[in-house]
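Just below is one structure, and these are the notes that go with it.
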Protein chains: 2
Amino acid sequence: MKLKLKTVGVIGAGAWGTALATVAAHGGCRVLLWSRDEAHAAAINATHENARNLPGIALPKSIRAITDPALLSEADAVIVAVPSHAFTATAKLCAGHLRNGILLIVATKGYIPGTDRTLFGAAIELYPGTRPFILSGPSFAAHVARGLPAAVVLAGMQHGDVARLGNALGIPSFRIYFSTDIAGVQAGGAIKNVLAIACGIAEGMKLGDSARAALVTRGSFELVRLGREIGGRYETLQGLSGLGDLILTATSRQSRNFSLGVALGEGRSLAEALTHIKGPCEGIAAAPGFAKLAEKMRDGAPITTAVANVLAGKLTPLQAMEELLDRPLKFEAGNNPEG
Amino acid sequence: MKLKLKTVGVIGAGAWGTALATVAAHGGCRVLLWSRDEAHAAAINATHENARNLPGIALPKSIRAITDPALLSEADAVIVAVPSHAFTATAKLCAGHLRNGILLIVATKGYIPGTDRTLFGAAIELYPGTRPFILSGPSFAAHVARGLPAAVVLAGMQHGDVARLGNALGIPSFRIYFSTDIAGVQAGGAIKNVLAIACGIAEGMKLGDSARAALVTRGSFELVRLGREIGGRYETLQGLSGLGDLILTATSRQSRNFSLGVALGEGRSLAEALTHIKGPCEGIAAAPGFAKLAEKMRDGAPITTAVANVLAGKLTPLQAMEELLDRPLKFEAGNNPEG
């Protein structure tokens, strides 16, 4: 049966929440864009623009900013686009107002600060009685809001559910691929942050595009190996939310993790590098765990391990790159899915 | 047994041949860099610089430019770095002078003009009595010559041979991964040119980085599917000579195929676009064959097919992109190696 969404709620009126609101609006839905900030919501409604986060982009009239979470009870589906530091607090404000059994799309990545719980994992508890999905993939909010093409992955626990929701939400400029591999989407989204730091380091050291292409390619082998260890599937890890997001991240200073790597590669200390970066660098928290996991794996994950060592102050970026280049040469088959 | 190369010959003193000569020289070999152009060779020997192709880069003194092909008989291994249009002619000049059973590394990609014979395939006949290898991967000559890091793949018919030669030729800044998948290296190097045109079209249409990341990622699934159809292996196609080369190509106007796509995406006709590009665009000749192959495949290869249709004048770039975005949504598992 085809799913038709009449009203979509979006929790979080930052750049990404607003961009996803435009997708739902262009798909024909009425959108309730929730912000806890009265002035921000009023400005969006008055100007049909999110001047703070997406200046210069006209928003569809069918988007209405709200601050009363009780209005979210009108929604058939809710997208959560709240960054990690505000994730728990907004859930406490909003969760009680959602319809029972509602479709809940977690569209931000990362972990509850100071824990190893992913936002998606936390959402299941913070939004009880909902049917949770995860949305991930290479896309910048400003591109999506402008209607430039992007392709992402929507993963959920049930095959039919995902296809129905994906078909209801997708529009031509925002292609949604379906997946039931929630573990893989989460794993890819976490590992790519560590690899993005490595690509940033190479950029900061001015090692050139060939080095970056090699780091992304060999890094994608690590992403697949590590992600499979924690339950992800091959096609997901090598897909839009894994490799795809890595490709975008590894070529853009819009990524915090990449920018952190650039600063480190330019010779700054970690503390110094962090002063220049707004928001969390998820790769810092993720690196030690993946490096530890790599120790147990036959082929290891040398790039991931190198990043962890740099972040821990055990290696300088130069030493890390030298170590990567000085390893024994070997056959390429480090990514053999059958192996 | 460890292989030690005393003298390495390089056929072709363009940018890539000269760059590979520096690799061999930095690895401790004496290098004979053959050019058919007396003035070019004399200038290289006088200035220790290839001012025509790699201006401003000092070449190691152990590189000696030569024009007498008979001197190549001193070489223990020979690298062929000649573009397709000169491949046959130089082979006729040089092949007769090589030692019997010599290690021959074909380092340029593509086809003998007007045929579907790859340079590697042709080399086997044009250089009879040699042991042929193929070298491929994401690397710009100027980067390699400057000693910036790159990683590539060397494929040969025998496991032990490849490892020995790779270990003898590799240096830290030029990491050589080994492979026995000659078919996969050739397939990846051919398909990525078609996909690079698609990425260029998106760039020319100013569709943004998210679109490019999606094209590269979904394109890599096509590259794997098509490459496996013609005998390539998964890890090779998803590796440095396939995906890796695609990543580099898809982000650089140094690539002719990408540049062709940019011109098409900006609205130029094929004929007009080609006037701006120096040298062959291998993707033009390759696209129809791969599009035909895709017709027989369950999941097809929509990006490849779209490029073929644009090149054939059946679709405008805008129509092609709209068609790509308008396809039915589906599960991501288009790349399942077990499937």
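Please note that chains go A, B, ... in the order of the structure tokens, that every chain numbers its residues from 1, and that ligands are numbered from 1 in the order shown.
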Using only C-alpha atoms, which chain A residues lie at most 6 Å away from chain B, written as a list of chain:residue names? A:Pro138, A:Ser139, A:Leu148, A:Pro149, A:Ala150, A:Ala151, A:Pro172, A:Tyr177, A:Phe178, A:Ser179, A:Leu207, A:Ser210, A:Ala211, A:Ala213, A:Ala214, A:Thr217, A:Glu235, A:Gly244, A:Ile247, A:Leu248, A:Leu325, A:Asp326, A:Lys330, A:Phe331, A:Glu332, A:Ala333, A:Asn335, A:Asn336
Mind listing the strand (DSSP E) residues of stretch 3-223 of chain B, per DSSP on the backbone, as a ChimeraX atom specification? /B:7-11,30-34,63-66,77-80,103-106,131-136,150-156,174-179
Let's have the selection written as a PDB file, in the first residue's frame, with C-alpha atoms.
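So the final result, stored in again-v8.pdb, reads:
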ATOM      1  CA  THR B   7      69.034  -0.509 -14.962  1.00  0.00           C
ATOM      2  CA  VAL B   8      65.471   0.447 -15.806  1.00  0.00           C
ATOM      3  CA  GLY B   9      64.462   1.614 -19.254  1.00  0.00           C
ATOM      4  CA  VAL B  10      61.556   3.976 -19.766  1.00  0.00           C
ATOM      5  CA  ILE B  11      60.029   4.262 -23.219  1.00  0.00           C
ATOM      6  CA  ARG B  30      70.082   3.767 -13.193  1.00  0.00           C
ATOM      7  CA  VAL B  31      67.437   4.937 -15.647  1.00  0.00           C
ATOM      8  CA  LEU B  32      67.535   5.153 -19.422  1.00  0.00           C
ATOM      9  CA  LEU B  33      64.718   7.456 -20.520  1.00  0.00           C
ATOM     10  CA  TRP B  34      64.076   6.937 -24.200  1.00  0.00           C
ATOM     11  CA  ILE B  63      68.315   9.508 -15.214  1.00  0.00           C
ATOM     12  CA  ARG B  64      69.855   9.644 -18.638  1.00  0.00           C
ATOM     13  CA  ALA B  65      67.778  10.510 -21.654  1.00  0.00           C
ATOM     14  CA  ILE B  66      68.578   8.465 -24.745  1.00  0.00           C
ATOM     15  CA  ALA B  77      63.052  -3.918 -16.801  1.00  0.00           C
ATOM     16  CA  VAL B  78      61.328  -1.522 -19.163  1.00  0.00           C
ATOM     17  CA  ILE B  79      58.427   0.796 -18.426  1.00  0.00           C
ATOM     18  CA  VAL B  80      56.279   1.768 -21.413  1.00  0.00           C
ATOM     19  CA  LEU B 103      59.979  -7.390 -17.382  1.00  0.00           C
ATOM     20  CA  LEU B 104      57.781  -4.987 -19.330  1.00  0.00           C
ATOM     21  CA  ILE B 105      55.542  -2.588 -17.400  1.00  0.00           C
ATOM     22  CA  VAL B 106      52.763  -0.985 -19.437  1.00  0.00           C
ATOM     23  CA  ARG B 131      56.960 -10.629 -19.386  1.00  0.00           C
ATOM     24  CA  PRO B 132      54.205  -8.002 -19.319  1.00  0.00           C
ATOM     25  CA  PHE B 133      52.753  -6.159 -16.316  1.00  0.00           C
ATOM     26  CA  ILE B 134      50.272  -3.325 -16.069  1.00  0.00           C
ATOM     27  CA  LEU B 135      50.623  -0.333 -13.748  1.00  0.00           C
ATOM     28  CA  SER B 136      47.600   1.813 -12.967  1.00  0.00           C
ATOM     29  CA  ALA B 150      50.695   8.117  -4.409  1.00  0.00           C
ATOM     30  CA  ALA B 151      49.528   4.520  -4.366  1.00  0.00           C
ATOM     31  CA  VAL B 152      49.052   2.413  -7.475  1.00  0.00           C
ATOM     32  CA  VAL B 153      48.478  -1.170  -8.548  1.00  0.00           C
ATOM     33  CA  LEU B 154      50.868  -3.395 -10.456  1.00  0.00           C
ATOM     34  CA  ALA B 155      49.221  -6.440 -11.998  1.00  0.00           C
ATOM     35  CA  GLY B 156      50.886  -9.364 -13.637  1.00  0.00           C
ATOM     36  CA  PHE B 174      55.074   5.585  -4.585  1.00  0.00           C
ATOM     37  CA  ARG B 175      53.371   2.642  -2.937  1.00  0.00           C
ATOM     38  CA  ILE B 176      52.781  -0.256  -5.268  1.00  0.00           C
ATOM     39  CA  TYR B 177      50.027  -2.702  -4.417  1.00  0.00           C
ATOM     40  CA  PHE B 178      50.194  -6.072  -6.129  1.00  0.00           C
ATOM     41  CA  SER B 179      47.522  -7.844  -8.103  1.00  0.00           C
TER      42      SER B 179
END
Might you pull out every residue within 12 Å of B:Ala301, with only C-alpha atoms counted and same-chain residues fewer than 4 positions away left off, and present them as a PDB file with C-alpha atoms, in the first residue's frame?
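Result went into around-v9.pdb, see below:
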ATOM      1  CA  ILE B 191      34.962   2.331 -17.210  1.00  0.00           C
ATOM      2  CA  VAL B 194      32.915   7.039 -18.895  1.00  0.00           C
ATOM      3  CA  LEU B 195      31.901   7.827 -15.327  1.00  0.00           C
ATOM      4  CA  LEU B 215      27.615  10.000  -8.915  1.00  0.00           C
ATOM      5  CA  ARG B 218      26.621   5.004  -7.464  1.00  0.00           C
ATOM      6  CA  GLY B 219      29.101   5.025 -10.355  1.00  0.00           C
ATOM      7  CA  SER B 220      31.455   2.803  -8.398  1.00  0.00           C
ATOM      8  CA  PHE B 221      28.638   0.261  -8.136  1.00  0.00           C
ATOM      9  CA  GLU B 222      28.315   0.345 -11.934  1.00  0.00           C
ATOM     10  CA  LEU B 223      32.068   0.090 -12.323  1.00  0.00           C
ATOM     11  CA  VAL B 224      32.065  -3.051 -10.200  1.00  0.00           C
ATOM     12  CA  ARG B 225      29.094  -4.620 -11.949  1.00  0.00           C
ATOM     13  CA  LEU B 226      30.387  -3.884 -15.458  1.00  0.00           C
ATOM     14  CA  GLY B 227      33.955  -4.816 -14.563  1.00  0.00           C
ATOM     15  CA  GLU B 229      30.997  -8.902 -16.321  1.00  0.00           C
ATOM     16  CA  ALA B 287      30.778   4.377 -23.574  1.00  0.00           C
ATOM     17  CA  PRO B 288      28.681   2.575 -26.242  1.00  0.00           C
ATOM     18  CA  GLY B 289      30.221  -0.809 -25.490  1.00  0.00           C
ATOM     19  CA  PHE B 290      29.643  -0.542 -21.767  1.00  0.00           C
ATOM     20  CA  ALA B 291      26.113   0.773 -22.289  1.00  0.00           C
ATOM     21  CA  LYS B 292      25.423  -2.262 -24.458  1.00  0.00           C
ATOM     22  CA  LEU B 293      26.857  -4.566 -21.821  1.00  0.00           C
ATOM     23  CA  ALA B 294      24.665  -2.853 -19.223  1.00  0.00           C
ATOM     24  CA  GLU B 295      21.512  -3.708 -21.189  1.00  0.00           C
ATOM     25  CA  LYS B 296      22.076  -7.353 -20.423  1.00  0.00           C
ATOM     26  CA  MET B 297      22.619  -6.797 -16.699  1.00  0.00           C
ATOM     27  CA  THR B 305      23.939   4.478 -20.208  1.00  0.00           C
ATOM     28  CA  ALA B 306      23.118   8.153 -19.696  1.00  0.00           C
ATOM     29  CA  VAL B 307      26.640   9.168 -20.757  1.00  0.00           C
ATOM     30  CA  ALA B 308      26.434   6.987 -23.858  1.00  0.00           C
ATOM     31  CA  LEU B 324      18.906   9.646 -13.668  1.00  0.00           C
ATOM     32  CA  GLY B 334      23.242  -2.806  -6.174  1.00  0.00           C
ATOM     33  CA  ASN B 335      26.768  -3.699  -5.264  1.00  0.00           C
TER      34      ASN B 335
END
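The nearest approach to A:Pro302 among the residues A:Ala320, A:Gly184, A:Ala19, A:Pro113, with only C-alpha atoms taken into account, belongs to A:Ala320.
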Got a sec: who's within 8 Å of A:Ala123, counting only C-alpha atoms, leaving out chain neighbours fewer than 3 positions off, as a PyMOL selection string? chain A and resi 91+106+119-120+126-128+132
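With only C-alpha atoms as the atoms that count, the residue of A:Gly160, A:Gly188, A:Gly265, A:Gly200 with the shortest distance to A:Met1 is A:Gly160.
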Grab the atom CA of A:Glu282 to atom CA of A:Gln254 distance for me, in Å with one decimal place. 14.1 Å
Identify, with DSSP run on backbone atoms, the residues in stretch 18-120 of chain A assigned to alpha helix (DSSP H), and express the list as a PyMOL selection string. chain A and resi 18-26+38-47+84-94+119-120
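The protein and nucleic acid residues lying at most 9 Å from B:Gly96 are B:Pro69, B:Ala70, B:Ala91, B:Lys92, B:Leu93, B:Cys94, B:Leu98, B:Arg99, B:Tyr127, B:Pro128, with only C-alpha atoms considered and sequence neighbours fewer than 2 positions away removed.
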Dump as a short mmCIF file (atom, residue, chain, number, x, y, z; two decimals), in the first residue's frame, selection limited to all heavy atoms:
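Heads up, here's the output in selection_32.cif:
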data_model
loop_
_atom_site.label_atom_id
_atom_site.label_comp_id
_atom_site.auth_asym_id
_atom_site.auth_seq_id
_atom_site.Cartn_x
_atom_site.Cartn_y
_atom_site.Cartn_z
N PRO B 69 67.44 3.41 -29.42
CA PRO B 69 66.72 2.32 -28.73
C PRO B 69 67.62 1.13 -28.42
O PRO B 69 67.30 0.34 -27.53
CB PRO B 69 65.60 1.96 -29.72
CG PRO B 69 66.02 2.49 -31.03
CD PRO B 69 66.90 3.67 -30.77
N ALA B 70 68.73 1.01 -29.11
CA ALA B 70 69.62 -0.13 -28.86
C ALA B 70 70.14 -0.12 -27.43
O ALA B 70 70.44 -1.18 -26.85
CB ALA B 70 70.79 -0.11 -29.85
N ALA B 91 56.72 1.01 -30.29
CA ALA B 91 57.01 -0.41 -30.09
C ALA B 91 57.84 -0.95 -31.24
O ALA B 91 58.78 -1.73 -31.05
CB ALA B 91 55.70 -1.19 -29.96
N LYS B 92 57.51 -0.50 -32.44
CA LYS B 92 58.25 -0.98 -33.61
C LYS B 92 59.71 -0.54 -33.55
O LYS B 92 60.61 -1.26 -33.98
CB LYS B 92 57.58 -0.49 -34.89
CG LYS B 92 56.33 -1.33 -35.17
CD LYS B 92 55.61 -0.97 -36.46
CE LYS B 92 54.39 -1.88 -36.60
NZ LYS B 92 53.32 -1.25 -37.37
N LEU B 93 59.94 0.64 -33.00
CA LEU B 93 61.31 1.14 -32.88
C LEU B 93 62.09 0.43 -31.78
O LEU B 93 63.29 0.19 -31.90
CB LEU B 93 61.31 2.64 -32.56
CG LEU B 93 60.94 3.60 -33.70
CD1 LEU B 93 60.77 5.01 -33.16
CD2 LEU B 93 62.04 3.55 -34.77
N CYS B 94 61.41 0.12 -30.68
CA CYS B 94 62.13 -0.29 -29.47
C CYS B 94 62.12 -1.79 -29.18
O CYS B 94 63.08 -2.32 -28.60
CB CYS B 94 61.55 0.43 -28.25
SG CYS B 94 61.72 2.22 -28.32
N LEU B 98 65.02 -5.07 -26.85
CA LEU B 98 64.90 -5.48 -25.43
C LEU B 98 65.41 -6.89 -25.23
O LEU B 98 65.32 -7.74 -26.12
CB LEU B 98 63.43 -5.40 -25.00
CG LEU B 98 62.73 -4.05 -25.20
CD1 LEU B 98 61.35 -4.07 -24.57
CD2 LEU B 98 63.56 -2.91 -24.63
N ARG B 99 65.96 -7.14 -24.05
CA ARG B 99 66.41 -8.48 -23.71
C ARG B 99 65.25 -9.45 -23.74
O ARG B 99 64.14 -9.11 -23.38
CB ARG B 99 66.97 -8.50 -22.27
CG ARG B 99 68.34 -7.94 -22.16
CD ARG B 99 68.87 -8.23 -20.76
NE ARG B 99 69.89 -7.24 -20.46
CZ ARG B 99 70.27 -6.92 -19.24
NH1 ARG B 99 69.73 -7.51 -18.19
NH2 ARG B 99 71.20 -6.03 -19.06
N TYR B 127 55.49 -6.34 -28.17
CA TYR B 127 56.76 -6.61 -27.48
C TYR B 127 56.86 -8.11 -27.19
O TYR B 127 56.78 -8.54 -26.05
CB TYR B 127 56.83 -5.83 -26.17
CG TYR B 127 56.92 -4.33 -26.32
CD1 TYR B 127 55.77 -3.54 -26.36
CD2 TYR B 127 58.16 -3.69 -26.39
CE1 TYR B 127 55.85 -2.16 -26.49
CE2 TYR B 127 58.24 -2.31 -26.52
CZ TYR B 127 57.09 -1.55 -26.57
OH TYR B 127 57.18 -0.18 -26.69
N PRO B 128 57.03 -8.91 -28.23
CA PRO B 128 57.04 -10.36 -28.02
C PRO B 128 58.26 -10.76 -27.18
O PRO B 128 59.28 -10.08 -27.20
CB PRO B 128 57.11 -10.93 -29.43
CG PRO B 128 57.72 -9.84 -30.25
CD PRO B 128 57.28 -8.55 -29.63
#
